[in-house]
>>> print(open('final_17.tsv').read())   # TSV, C-alpha atoms
chain	number	residue	atom	x	y	z
A	1	MET	CA	25.94	18.07	-141.64
A	2	ARG	CA	27.70	15.49	-143.74
A	3	PRO	CA	31.20	16.82	-144.39
A	4	GLN	CA	32.76	14.23	-142.14
A	5	ILE	CA	33.23	10.79	-143.50
A	6	SER	CA	34.05	8.65	-140.53
A	7	PHE	CA	31.39	7.02	-138.29
A	8	GLN	CA	28.72	9.59	-138.89
A	9	PRO	CA	25.43	7.68	-139.10
A	10	SER	CA	23.04	8.51	-141.86
A	11	PRO	CA	19.81	10.30	-140.85
A	12	LEU	CA	17.95	7.10	-141.52
A	13	THR	CA	20.21	5.13	-139.19
A	14	SER	CA	19.84	7.80	-136.53
A	15	LEU	CA	16.10	7.64	-136.79
A	16	PHE	CA	16.22	3.90	-136.49
A	17	LEU	CA	18.45	4.08	-133.44
A	18	VAL	CA	16.19	6.57	-131.74
A	19	LEU	CA	13.13	4.48	-132.47
A	20	ALA	CA	14.82	1.35	-131.22
A	21	SER	CA	15.88	2.95	-128.00
A	22	VAL	CA	12.39	4.32	-127.43
A	23	LEU	CA	10.96	0.87	-127.99
A	24	LEU	CA	13.52	-0.70	-125.69
A	25	THR	CA	12.82	1.73	-122.89
A	26	ALA	CA	9.15	1.03	-123.22
A	27	CYS	CA	9.41	-2.71	-123.17
A	28	THR	CA	12.20	-3.68	-120.79
A	29	PRO	CA	11.57	-3.40	-117.07
A	30	ALA	CA	14.45	-0.97	-116.74
A	31	ALA	CA	13.73	1.49	-113.98
A	32	ASN	CA	10.68	2.60	-112.17
A	33	MET	CA	11.80	5.37	-109.87
A	34	SER	CA	9.31	4.76	-107.10
A	35	LEU	CA	9.90	1.02	-107.16
A	36	GLU	CA	13.66	1.59	-106.98
A	37	ARG	CA	13.14	3.80	-103.98
A	38	ALA	CA	10.81	1.31	-102.32
A	39	ARG	CA	13.43	-1.40	-102.72
A	40	THR	CA	16.13	0.80	-101.22
A	41	ASP	CA	13.90	1.96	-98.38
A	42	TYR	CA	12.94	-1.58	-97.54
A	43	GLN	CA	16.50	-2.90	-97.73
A	44	GLN	CA	17.87	-0.20	-95.46
A	45	ALA	CA	15.18	-0.77	-92.87
A	46	ALA	CA	15.58	-4.54	-93.09
A	47	ASN	CA	19.28	-4.14	-92.34
A	48	ASP	CA	18.62	-1.88	-89.37
A	49	PRO	CA	18.90	-3.94	-86.16
A	50	ALA	CA	16.63	-1.56	-84.23
A	51	VAL	CA	13.89	-1.93	-86.84
A	52	LYS	CA	14.30	-5.67	-87.02
A	53	ALA	CA	14.12	-6.00	-83.27
A	54	ASN	CA	11.22	-3.64	-82.62
A	55	ALA	CA	9.08	-3.48	-85.74
A	56	SER	CA	9.21	-6.90	-87.35
A	57	ALA	CA	5.48	-6.93	-88.06
A	58	ASP	CA	5.60	-3.60	-89.91
A	59	LEU	CA	8.71	-4.73	-91.75
A	60	PHE	CA	6.95	-7.90	-92.83
A	61	ALA	CA	3.98	-5.89	-94.08
A	62	ALA	CA	6.37	-3.68	-96.05
A	63	GLU	CA	7.98	-6.76	-97.56
A	64	LYS	CA	4.59	-8.05	-98.69
A	65	LEU	CA	3.78	-4.70	-100.31
A	66	LEU	CA	7.13	-4.63	-102.05
A	67	GLN	CA	6.55	-8.13	-103.42
A	68	GLN	CA	3.18	-6.99	-104.74
A	69	ALA	CA	4.81	-4.00	-106.37
A	70	GLU	CA	7.49	-6.18	-107.95
A	71	ALA	CA	4.92	-8.65	-109.21
A	72	THR	CA	2.79	-5.91	-110.72
A	73	TRP	CA	5.87	-4.43	-112.32
A	74	GLU	CA	6.79	-7.76	-113.93
A	75	GLU	CA	3.32	-8.87	-114.95
A	76	ASP	CA	1.89	-5.78	-116.56
A	77	ASP	CA	2.99	-2.28	-117.16
A	78	ASP	CA	0.34	-0.56	-115.10
A	79	SER	CA	2.78	2.04	-113.88
A	80	ASP	CA	0.13	3.85	-111.82
A	81	GLU	CA	-0.39	0.73	-109.77
A	82	VAL	CA	3.35	0.09	-109.46
A	83	ASP	CA	3.87	3.66	-108.28
A	84	HIS	CA	1.04	3.26	-105.85
A	85	LEU	CA	2.28	0.00	-104.38
A	86	SER	CA	5.82	1.35	-104.18
A	87	TYR	CA	4.54	4.40	-102.38
A	88	LEU	CA	2.67	2.21	-99.92
A	89	THR	CA	5.84	0.17	-99.39
A	90	SER	CA	7.91	3.23	-98.59
A	91	ARG	CA	5.30	4.56	-96.17
A	92	LYS	CA	5.11	1.17	-94.48
A	93	VAL	CA	8.89	1.25	-94.08
A	94	ASP	CA	8.57	4.72	-92.54
A	95	LEU	CA	5.96	3.30	-90.20
A	96	ALA	CA	8.33	0.51	-89.19
A	97	ARG	CA	11.00	3.08	-88.44
A	98	ALA	CA	8.61	5.16	-86.37
A	99	THR	CA	7.54	2.08	-84.43
A	100	ALA	CA	11.19	1.19	-83.82
A	101	ASN	CA	12.02	4.74	-82.72
A	102	GLN	CA	9.16	4.73	-80.29
A	103	ALA	CA	10.24	1.41	-78.82
A	104	VAL	CA	13.84	2.57	-78.48
A	105	SER	CA	12.76	5.80	-76.78
A	106	LYS	CA	10.49	3.88	-74.47
A	107	LYS	CA	13.28	1.57	-73.45
A	108	SER	CA	15.65	4.39	-72.67
A	109	PHE	CA	12.86	6.19	-70.82
A	110	GLU	CA	12.42	3.17	-68.60
A	111	GLU	CA	16.14	2.90	-68.01
A	112	LEU	CA	16.38	6.57	-67.14
A	113	SER	CA	13.38	6.26	-64.90
A	114	GLY	CA	15.08	3.51	-62.96
A	115	GLN	CA	18.23	5.61	-62.82
A	116	LYS	CA	16.24	8.51	-61.43
A	117	ASP	CA	14.70	6.36	-58.72
A	118	GLN	CA	18.18	5.17	-57.84
A	119	ILE	CA	19.55	8.70	-57.56
A	120	ARG	CA	16.59	9.72	-55.44
A	121	LEU	CA	17.11	6.78	-53.17
A	122	GLN	CA	20.81	7.52	-52.78
A	123	ALA	CA	20.12	11.16	-52.14
A	124	ARG	CA	17.58	10.19	-49.53
A	125	GLU	CA	20.01	7.83	-47.83
A	126	ALA	CA	22.70	10.50	-47.85
A	127	GLU	CA	20.28	12.99	-46.37
A	128	ILE	CA	19.25	10.67	-43.58
A	129	ALA	CA	22.88	9.83	-42.87
A	130	LYS	CA	23.75	13.52	-42.68
A	131	LEU	CA	20.92	14.07	-40.26
A	132	LYS	CA	22.11	11.05	-38.24
A	133	ALA	CA	18.54	9.92	-38.42
A	134	LYS	CA	17.11	6.46	-38.01
A	135	LYS	CA	14.31	5.02	-40.09
A	136	VAL	CA	11.25	4.18	-38.05
A	137	PRO	CA	7.79	3.05	-39.19
A	138	GLN	CA	6.36	6.57	-38.86
A	139	GLY	CA	9.17	8.21	-40.79
A	140	ILE	CA	12.63	9.12	-39.59
A	141	LEU	CA	13.79	9.73	-36.07
A	142	VAL	CA	16.47	12.17	-34.99
A	143	THR	CA	17.65	11.84	-31.42
A	144	LEU	CA	19.11	14.98	-29.94
A	145	GLY	CA	21.31	14.08	-27.03
A	146	ASP	CA	21.50	15.71	-23.64
A	147	VAL	CA	24.27	17.99	-24.86
A	148	LEU	CA	21.51	20.44	-25.76
A	149	PHE	CA	20.72	21.28	-22.17
A	150	ASP	CA	22.45	21.86	-18.86
A	151	THR	CA	21.36	19.70	-15.99
A	152	ALA	CA	17.86	20.63	-14.79
A	153	ARG	CA	17.67	23.44	-17.33
A	154	SER	CA	15.39	23.69	-20.31
A	155	ASN	CA	17.04	26.40	-22.36
A	156	LEU	CA	19.17	25.29	-25.28
A	157	LYS	CA	22.88	25.66	-24.75
A	158	PRO	CA	24.27	28.14	-27.29
A	159	GLY	CA	27.16	25.81	-28.15
A	160	SER	CA	24.77	23.01	-29.07
A	161	LEU	CA	22.86	24.90	-31.69
A	162	GLN	CA	24.93	23.78	-34.65
A	163	ASN	CA	23.69	20.25	-33.97
A	164	MET	CA	20.24	21.53	-34.80
A	165	TYR	CA	20.92	23.18	-38.14
A	166	PRO	CA	20.93	20.01	-40.26
A	167	LEU	CA	17.45	19.37	-38.86
A	168	VAL	CA	16.25	22.87	-39.76
A	169	GLU	CA	17.71	22.51	-43.22
A	170	TYR	CA	16.02	19.18	-43.74
A	171	LEU	CA	12.66	20.50	-42.62
A	172	LYS	CA	12.97	23.46	-44.95
A	173	ARG	CA	13.78	21.19	-47.86
A	174	HIS	CA	10.85	18.92	-47.07
A	175	ALA	CA	8.07	21.37	-46.47
A	176	GLU	CA	5.45	18.61	-46.67
A	177	THR	CA	6.69	16.85	-43.54
A	178	ARG	CA	5.48	17.20	-39.98
A	179	VAL	CA	7.52	17.09	-36.83
A	180	LYS	CA	6.77	15.49	-33.51
A	181	ILE	CA	9.08	16.45	-30.66
A	182	ASP	CA	9.21	14.28	-27.55
A	183	GLY	CA	11.27	15.19	-24.51
A	184	HIS	CA	12.64	12.42	-22.28
A	185	THR	CA	14.54	12.45	-18.98
A	186	ASP	CA	16.36	9.96	-16.80
A	187	SER	CA	14.77	8.73	-13.62
A	188	ARG	CA	16.45	11.06	-11.15
A	189	GLY	CA	14.01	13.40	-9.50
A	190	SER	CA	10.29	13.01	-9.18
A	191	ALA	CA	8.16	11.81	-12.03
A	192	GLY	CA	6.17	15.05	-12.03
A	193	TYR	CA	9.32	17.14	-12.11
A	194	ASN	CA	10.68	15.06	-14.99
A	195	ALA	CA	7.42	15.27	-16.92
A	196	ASN	CA	7.54	19.02	-16.60
A	197	LEU	CA	11.23	19.27	-17.49
A	198	SER	CA	10.84	17.05	-20.56
A	199	GLN	CA	7.87	19.12	-21.68
A	200	MET	CA	9.84	22.34	-21.39
A	201	ARG	CA	12.79	20.87	-23.26
A	202	ALA	CA	10.55	19.68	-26.07
A	203	GLU	CA	9.03	23.15	-26.19
A	204	ALA	CA	12.49	24.71	-26.34
A	205	VAL	CA	13.33	22.67	-29.43
A	206	ARG	CA	9.96	23.58	-30.95
A	207	THR	CA	10.59	27.27	-30.35
A	208	PHE	CA	14.02	26.97	-31.88
A	209	LEU	CA	12.59	25.43	-35.05
A	210	ILE	CA	9.88	28.09	-35.29
A	211	THR	CA	12.46	30.84	-34.79
A	212	ASN	CA	14.39	29.35	-37.69
A	213	GLY	CA	11.45	29.55	-40.04
A	214	ILE	CA	9.64	26.26	-39.61
A	215	SER	CA	5.89	26.74	-39.49
A	216	SER	CA	4.43	26.12	-36.04
A	217	ALA	CA	1.54	24.26	-37.65
A	218	ARG	CA	3.93	21.47	-38.60
A	219	ILE	CA	5.30	20.96	-35.13
A	220	SER	CA	3.94	19.29	-32.04
A	221	ALA	CA	5.89	18.99	-28.78
A	222	GLN	CA	5.29	17.02	-25.65
A	223	GLY	CA	7.08	15.87	-22.53
A	224	MET	CA	7.25	12.13	-22.00
A	225	GLY	CA	8.94	12.33	-18.64
A	226	GLU	CA	11.05	9.45	-17.42
A	227	ASP	CA	8.76	6.65	-18.59
A	228	TYR	CA	10.49	5.75	-21.86
A	229	PRO	CA	14.11	5.05	-21.15
A	230	VAL	CA	16.32	3.71	-23.93
A	231	ALA	CA	19.03	2.53	-21.53
A	232	THR	CA	19.48	1.65	-17.89
A	233	ASN	CA	19.06	4.40	-15.31
A	234	SER	CA	21.52	2.73	-12.93
A	235	THR	CA	24.66	3.99	-14.66
A	236	ALA	CA	25.74	7.48	-15.58
A	237	ALA	CA	26.23	6.48	-19.19
A	238	GLY	CA	22.75	4.94	-19.34
A	239	ARG	CA	21.15	8.00	-17.77
A	240	GLN	CA	22.90	10.22	-20.29
A	241	GLN	CA	21.33	8.23	-23.08
A	242	ASN	CA	17.91	8.55	-21.50
A	243	ARG	CA	18.13	12.34	-21.33
A	244	ARG	CA	17.21	13.18	-24.88
A	245	VAL	CA	14.82	14.88	-27.25
A	246	GLU	CA	13.41	12.72	-30.01
A	247	VAL	CA	12.31	14.36	-33.21
A	248	THR	CA	10.13	12.21	-35.46
A	249	ILE	CA	9.65	13.48	-38.99
A	250	THR	CA	6.69	12.08	-40.87
A	251	ASP	CA	5.71	12.56	-44.47
A	252	ALA	CA	1.97	12.91	-44.21
A	253	PRO	CA	-0.15	14.40	-41.45
A	254	ALA	CA	-2.30	11.29	-41.47
A	255	THR	CA	0.51	9.04	-40.33
A	256	MET	CA	1.11	11.23	-37.31
A	257	SER	CA	-2.15	10.99	-35.44
A	258	PRO	CA	-2.14	7.27	-34.59
A	259	THR	CA	1.28	7.53	-32.99
A	260	SER	CA	0.57	10.63	-30.91
A	261	SER	CA	-1.22	8.57	-28.29
A	262	GLY	CA	1.31	5.77	-28.43
A	263	SER	CA	4.81	5.66	-27.08
A	264	PRO	CA	7.23	7.14	-29.55
A	265	GLY	CA	10.77	6.02	-29.30
A	266	SER	CA	9.76	3.04	-27.25
A	267	GLY	CA	11.41	-0.27	-27.78
A	268	MET	CA	14.80	1.26	-28.26
B	1	MET	CA	-46.21	-8.87	-126.20
B	2	PHE	CA	-42.62	-8.58	-127.12
B	3	THR	CA	-41.72	-8.96	-130.65
B	4	ALA	CA	-38.48	-10.60	-131.58
B	5	LYS	CA	-37.21	-7.21	-132.59
B	6	THR	CA	-37.81	-5.57	-129.24
B	7	LEU	CA	-36.28	-8.53	-127.50
B	8	LEU	CA	-33.23	-8.22	-129.63
B	9	ARG	CA	-33.07	-4.53	-128.96
B	10	LEU	CA	-33.40	-5.07	-125.24
B	11	GLY	CA	-30.76	-7.74	-125.23
B	12	LEU	CA	-28.42	-5.60	-127.21
B	13	SER	CA	-28.83	-2.59	-125.00
B	14	ALA	CA	-28.32	-4.73	-121.92
B	15	ALA	CA	-25.15	-6.16	-123.35
B	16	LEU	CA	-23.96	-2.70	-124.26
B	17	THR	CA	-24.70	-1.36	-120.82
B	18	SER	CA	-22.83	-4.15	-119.10
B	19	LEU	CA	-19.94	-3.75	-121.50
B	20	LEU	CA	-19.84	-0.05	-120.76
B	21	PHE	CA	-20.01	-0.80	-117.08
B	22	LEU	CA	-17.13	-3.24	-117.32
B	23	MET	CA	-15.02	-0.81	-119.27
B	24	GLY	CA	-15.85	2.32	-117.35
B	25	CYS	CA	-15.52	1.04	-113.86
B	26	ALA	CA	-13.87	-2.28	-113.62
B	27	SER	CA	-14.59	-2.29	-109.89
B	28	ALA	CA	-17.16	-0.98	-107.47
B	29	PRO	CA	-16.52	2.19	-105.47
B	30	PRO	CA	-14.09	1.44	-102.58
B	31	THR	CA	-16.65	2.29	-99.93
B	32	ASP	CA	-14.96	0.34	-97.14
B	33	LEU	CA	-11.58	1.90	-97.83
B	34	LEU	CA	-13.09	5.36	-97.85
B	35	SER	CA	-14.63	4.91	-94.43
B	36	GLN	CA	-11.45	3.26	-93.15
B	37	ALA	CA	-9.46	6.27	-94.30
B	38	GLU	CA	-11.93	8.64	-92.67
B	39	LEU	CA	-11.63	6.68	-89.44
B	40	ALA	CA	-7.82	6.58	-89.56
B	41	ILE	CA	-7.66	10.34	-90.09
B	42	GLN	CA	-10.15	11.04	-87.31
B	43	ASN	CA	-8.23	8.78	-84.94
B	44	ALA	CA	-5.02	10.59	-85.75
B	45	GLU	CA	-6.69	13.96	-85.22
B	46	ARG	CA	-8.12	12.86	-81.91
B	47	ALA	CA	-4.71	11.67	-80.77
B	48	GLY	CA	-3.32	15.18	-81.29
B	49	THR	CA	-1.21	14.05	-84.22
B	50	SER	CA	-1.66	17.33	-86.08
B	51	GLN	CA	0.60	18.94	-83.50
B	52	TYR	CA	3.51	16.73	-84.55
B	53	GLU	CA	2.75	15.73	-88.15
B	54	PRO	CA	0.51	18.44	-89.64
B	55	GLU	CA	1.76	17.94	-93.21
B	56	LEU	CA	1.27	14.20	-93.35
B	57	LEU	CA	-2.14	14.49	-91.82
B	58	SER	CA	-3.31	17.17	-94.22
B	59	SER	CA	-1.89	15.17	-97.12
B	60	ALA	CA	-3.97	12.21	-95.95
B	61	ARG	CA	-7.02	14.45	-95.82
B	62	THR	CA	-6.32	15.78	-99.31
B	63	LYS	CA	-5.98	12.28	-100.71
B	64	LEU	CA	-9.21	11.17	-99.12
B	65	ASN	CA	-10.99	14.16	-100.65
B	66	ARG	CA	-9.47	13.29	-103.99
B	67	ALA	CA	-10.64	9.70	-103.55
B	68	HIS	CA	-14.20	10.90	-103.06
B	69	LYS	CA	-13.95	12.98	-106.23
B	70	ARG	CA	-12.64	10.00	-108.19
B	71	VAL	CA	-15.63	7.98	-107.04
B	72	ASP	CA	-17.89	10.73	-108.36
B	73	ASP	CA	-16.08	10.50	-111.68
B	74	ASP	CA	-16.45	6.72	-111.69
B	75	GLU	CA	-12.66	6.27	-111.54
B	76	ASN	CA	-12.78	3.72	-108.82
B	77	GLU	CA	-9.30	2.29	-109.30
B	78	GLU	CA	-7.75	5.67	-108.71
B	79	ALA	CA	-10.17	6.24	-105.85
B	80	ARG	CA	-8.98	3.01	-104.23
B	81	ARG	CA	-5.34	4.08	-104.55
B	82	MET	CA	-6.02	7.47	-103.06
B	83	ALA	CA	-7.94	5.94	-100.15
B	84	GLU	CA	-5.18	3.41	-99.49
B	85	GLU	CA	-2.55	6.12	-99.51
B	86	ALA	CA	-4.67	8.25	-97.20
B	87	ILE	CA	-4.87	5.36	-94.74
B	88	ALA	CA	-1.12	4.74	-94.97
B	89	GLU	CA	-0.37	8.41	-94.35
B	90	ALA	CA	-2.78	8.77	-91.45
B	91	ASN	CA	-1.36	5.68	-89.76
B	92	LEU	CA	2.17	6.87	-90.38
B	93	ALA	CA	1.38	10.30	-88.95
B	94	ASN	CA	0.01	8.59	-85.89
B	95	ALA	CA	3.06	6.40	-85.40
B	96	LYS	CA	5.47	9.28	-85.94
B	97	ALA	CA	3.60	11.42	-83.44
B	98	ALA	CA	3.68	8.62	-80.90
B	99	ALA	CA	7.42	8.25	-81.43
B	100	ALA	CA	7.91	12.00	-81.02
B	101	ARG	CA	5.90	12.03	-77.81
B	102	GLU	CA	7.95	9.16	-76.44
B	103	ALA	CA	11.18	10.94	-77.40
B	104	ASN	CA	9.97	14.10	-75.64
B	105	GLN	CA	9.24	12.17	-72.49
B	106	THR	CA	12.70	10.66	-72.60
B	107	ASP	CA	14.24	14.12	-72.99
B	108	GLU	CA	12.20	15.41	-70.07
B	109	MET	CA	13.41	12.52	-67.98
B	110	LYS	CA	17.02	13.29	-68.90
B	111	LYS	CA	16.54	16.87	-67.79
B	112	ALA	CA	14.90	15.81	-64.56
B	113	ILE	CA	17.85	13.54	-63.80
B	114	GLU	CA	20.32	16.34	-64.53
B	115	ALA	CA	18.42	18.64	-62.19
B	116	LEU	CA	18.28	15.97	-59.52
B	117	LYS	CA	22.00	15.33	-59.78
B	118	GLN	CA	22.77	19.01	-59.47
B	119	GLU	CA	20.48	19.36	-56.50
B	120	THR	CA	21.97	16.41	-54.65
B	121	SER	CA	25.54	17.54	-55.29
B	122	ARG	CA	24.65	21.00	-54.05
B	123	GLN	CA	23.16	19.51	-50.92
B	124	SER	CA	26.16	17.40	-50.13
B	125	GLU	CA	28.48	20.36	-50.64
B	126	GLY	CA	26.52	22.82	-48.50
B	127	HIS	CA	26.95	22.35	-44.73
>>> encode(input="final_17.tsv", output="structure tokens")
Amino acid sequence: MRPQISFQPSPLTSLFLVLASVLLTACTPAANMSLERARTDYQQAANDPAVKANASADLFAAEKLLQQAEATWEEDDDSDEVDHLSYLTSRKVDLARATANQAVSKKSFEELSGQKDQIRLQAREAEIAKLKAKKVPQGILVTLGDVLFDTARSNLKPGSLQNMYPLVEYLKRHAETRVKIDGHTDSRGSAGYNANLSQMRAEAVRTFLITNGISSARISAQGMGEDYPVATNSTAAGRQQNRRVEVTITDAPATMSPTSSGSPGSGM
Amino acid sequence: MFTAKTLLRLGLSAALTSLLFLMGCASAPPTDLLSQAELAIQNAERAGTSQYEPELLSSARTKLNRAHKRVDDDENEEARRMAEEAIAEANLANAKAAAAREANQTDEMKKAIEALKQETSRQSEGH
């Protein structure tokens, strides 16, 4: 292999070069693969704002490990130990990332959770508005006006039924609720007559709800007579307001019993 | 009734033994690290980490087993490294699993919100 004259090194020179390069590689701290990777891993994580913000302790621990690895690499050539420390550094960086990920997820979970509560609340408000209901301590109160009945009659007017459907729909959607129906009259006629009439009207509403698929176990109905007016009985307009059926919807059965003896709809 | 010769012999053998000891195992077995690793792995297993990070966890277990073997062979330096890596891997598995669980919860919450939005829009459209 010596026909060429130009810069072809002699076999001796080649041998020398090879030897020299071997020696150089052995002695200079050129590249330790795992240490290189540890450095890169650490740098990337240290530049990541999410890691810095959420996993500073882990990041600091990784930095310490990396320093140890670097020191070992410079001081002696125990490559097993350098590999080991570099490996620990990289795993610690992974740990920092995992910690950061968890914190970020947790934050967005909390945000979403608040968002969900907000949507629920809005939906609830919209529902109550649609029902034209009023919030009361026991739950919500729907007042059905006297348009439901003809004077002195206790059967529901066919034309008034569509006023009842939002109520049925609501009760179907909230199967856990209970319903208390109270009939009220104005003060015309005898008290006994009015008590009876209000009872029959409350029962009519109850029957309507049951017919439309609401379980009878959820519904109680009673006549309150003329004793709980919400307006004056001395004007026609006032009397019209007093002729009404009040439907109180409560969430839990327990909250119903204390009010059943009281005066629902009073104070209005 | 020791003669000078026996004394010398004893001294020599003692020196030899300690020299051998120093050379063979520069350090004592990493007993604390081994039990720490065992604990870290058990904690991770108890936390259901194997469901999310089975490979890391079994790697930690393998390294701990290897560490025990190295102790048997009096290679305590290597045993220490293996135990330390086992601890690092078990802890990492734990943290990754926790992050995954948190991410799952967040996804569930996103779905729940989507469902809620659809439901409410359906309600306001109907009737």
>>> atom_distance(input="final_17.tsv", atom1="atom CA of Gln162 of chain A", atom2="atom CA of Asp186 of chain A")
24.1 Å
>>> closest_atom_pairs(input="final_17.tsv", of="chain A", to="chain B", cutoff="9 Å", atoms="all atoms listed in the file", output="JSON lines")
{"residue": "A:Asp80", "atom": "CA", "partner": "B:Glu78", "partner_atom": "CA", "distance": 8.7}
{"residue": "A:Glu81", "atom": "CA", "partner": "B:Arg81", "partner_atom": "CA", "distance": 7.9}
{"residue": "A:His84", "atom": "CA", "partner": "B:Arg81", "partner_atom": "CA", "distance": 6.6}
{"residue": "A:Leu85", "atom": "CA", "partner": "B:Arg81", "partner_atom": "CA", "distance": 8.6}
{"residue": "A:Tyr87", "atom": "CA", "partner": "B:Glu85", "partner_atom": "CA", "distance": 7.8}
{"residue": "A:Leu88", "atom": "CA", "partner": "B:Glu85", "partner_atom": "CA", "distance": 6.5}
{"residue": "A:Arg91", "atom": "CA", "partner": "B:Ala88", "partner_atom": "CA", "distance": 6.5}
{"residue": "A:Lys92", "atom": "CA", "partner": "B:Ala88", "partner_atom": "CA", "distance": 7.2}
{"residue": "A:Asp94", "atom": "CA", "partner": "B:Leu92", "partner_atom": "CA", "distance": 7.1}
{"residue": "A:Leu95", "atom": "CA", "partner": "B:Leu92", "partner_atom": "CA", "distance": 5.2}
{"residue": "A:Ala96", "atom": "CA", "partner": "B:Ala95", "partner_atom": "CA", "distance": 8.8}
{"residue": "A:Arg97", "atom": "CA", "partner": "B:Lys96", "partner_atom": "CA", "distance": 8.7}
{"residue": "A:Ala98", "atom": "CA", "partner": "B:Lys96", "partner_atom": "CA", "distance": 5.2}
{"residue": "A:Thr99", "atom": "CA", "partner": "B:Ala95", "partner_atom": "CA", "distance": 6.3}
{"residue": "A:Ala100", "atom": "CA", "partner": "B:Ala99", "partner_atom": "CA", "distance": 8.4}
{"residue": "A:Asn101", "atom": "CA", "partner": "B:Ala99", "partner_atom": "CA", "distance": 5.9}
{"residue": "A:Gln102", "atom": "CA", "partner": "B:Ala99", "partner_atom": "CA", "distance": 4.1}
{"residue": "A:Ala103", "atom": "CA", "partner": "B:Ala99", "partner_atom": "CA", "distance": 7.8}
{"residue": "A:Val104", "atom": "CA", "partner": "B:Ala103", "partner_atom": "CA", "distance": 8.8}
{"residue": "A:Ser105", "atom": "CA", "partner": "B:Ala103", "partner_atom": "CA", "distance": 5.4}
{"residue": "A:Lys106", "atom": "CA", "partner": "B:Glu102", "partner_atom": "CA", "distance": 6.2}
{"residue": "A:Ser108", "atom": "CA", "partner": "B:Thr106", "partner_atom": "CA", "distance": 6.9}
{"residue": "A:Phe109", "atom": "CA", "partner": "B:Thr106", "partner_atom": "CA", "distance": 4.8}
{"residue": "A:Glu110", "atom": "CA", "partner": "B:Thr106", "partner_atom": "CA", "distance": 8.5}
{"residue": "A:Leu112", "atom": "CA", "partner": "B:Met109", "partner_atom": "CA", "distance": 6.7}
{"residue": "A:Ser113", "atom": "CA", "partner": "B:Met109", "partner_atom": "CA", "distance": 7.0}
{"residue": "A:Gln115", "atom": "CA", "partner": "B:Ile113", "partner_atom": "CA", "distance": 8.0}
{"residue": "A:Lys116", "atom": "CA", "partner": "B:Ile113", "partner_atom": "CA", "distance": 5.8}
{"residue": "A:Ile119", "atom": "CA", "partner": "B:Lys117", "partner_atom": "CA", "distance": 7.4}
{"residue": "A:Arg120", "atom": "CA", "partner": "B:Leu116", "partner_atom": "CA", "distance": 7.7}
{"residue": "A:Ala123", "atom": "CA", "partner": "B:Thr120", "partner_atom": "CA", "distance": 6.1}
{"residue": "A:Ala126", "atom": "CA", "partner": "B:Ser124", "partner_atom": "CA", "distance": 8.0}
{"residue": "A:Glu127", "atom": "CA", "partner": "B:Ser124", "partner_atom": "CA", "distance": 8.3}
{"residue": "A:Lys130", "atom": "CA", "partner": "B:Ser124", "partner_atom": "CA", "distance": 8.7}
{"residue": "A:Tyr165", "atom": "CA", "partner": "B:His127", "partner_atom": "CA", "distance": 9.0}
{"residue": "A:Pro166", "atom": "CA", "partner": "B:His127", "partner_atom": "CA", "distance": 7.9}
>>> closest_residue(input="final_17.tsv", among="B:Leu57, B:Arg66, B:Pro29, B:Ala115", to="Asn43 of chain B", atoms="only C-alpha atoms")
B:Leu57
>>> closest_residue(input="final_17.tsv", among="A:Gln67, A:Thr248, A:Ser216, A:Thr89", to="Lys180 of chain A", atoms="all atoms listed in the file")
A:Thr248
>>> atom_distance(input="final_17.tsv", atom1="atom CA of Asp58 of chain A", atom2="atom CA of Asn32 of chain A")
23.7 Å
>>> atom_distance(input="final_17.tsv", atom1="atom CA of Asn242 of chain A", atom2="atom CA of Tyr228 of chain A")
7.9 Å
>>> residues_around(input="final_17.tsv", residues="Thr31 of chain B", least_positions_apart="4", cutoff="10 Å", atoms="all atoms listed in the file", output="list in words")
Ser35, Gln36, Ala37, His68, Val71, Asn76, Ala79, Arg80 and Ala83 of chain B
>>> closest_residue(input="final_17.tsv", among="A:Arg239, A:Val93, A:Asp83, A:Arg39", to="Ser56 of chain A", atoms="all atoms listed in the file")
A:Val93
>>> closest_residue(input="final_17.tsv", among="B:Leu39, B:Leu34, B:Tyr52, B:Lys111", to="Arg70 of chain B", atoms="all atoms listed in the file")
B:Leu34
>>> closest_residue(input="final_17.tsv", among="A:Val230, A:Ile128, A:Leu141, A:Ile219", to="Thr177 of chain A", atoms="all atoms listed in the file")
A:Ile219
>>> residues_around(input="final_17.tsv", residues="Asp182 of chain A", least_positions_apart="5", cutoff="8 Å", atoms="all atoms listed in the file", output="PDB file with C-alpha atoms, in the frame of the given file")
ATOM      1  CA  SER A 198      10.840  17.050 -20.560  1.00  0.00           C
ATOM      2  CA  GLN A 199       7.870  19.120 -21.680  1.00  0.00           C
ATOM      3  CA  ALA A 202      10.550  19.680 -26.070  1.00  0.00           C
ATOM      4  CA  ALA A 221       5.890  18.990 -28.780  1.00  0.00           C
ATOM      5  CA  GLN A 222       5.290  17.020 -25.650  1.00  0.00           C
ATOM      6  CA  GLY A 223       7.080  15.870 -22.530  1.00  0.00           C
ATOM      7  CA  MET A 224       7.250  12.130 -22.000  1.00  0.00           C
ATOM      8  CA  VAL A 245      14.820  14.880 -27.250  1.00  0.00           C
ATOM      9  CA  GLU A 246      13.410  12.720 -30.010  1.00  0.00           C
ATOM     10  CA  VAL A 247      12.310  14.360 -33.210  1.00  0.00           C
ATOM     11  CA  PRO A 264       7.230   7.140 -29.550  1.00  0.00           C
TER      12      PRO A 264
END
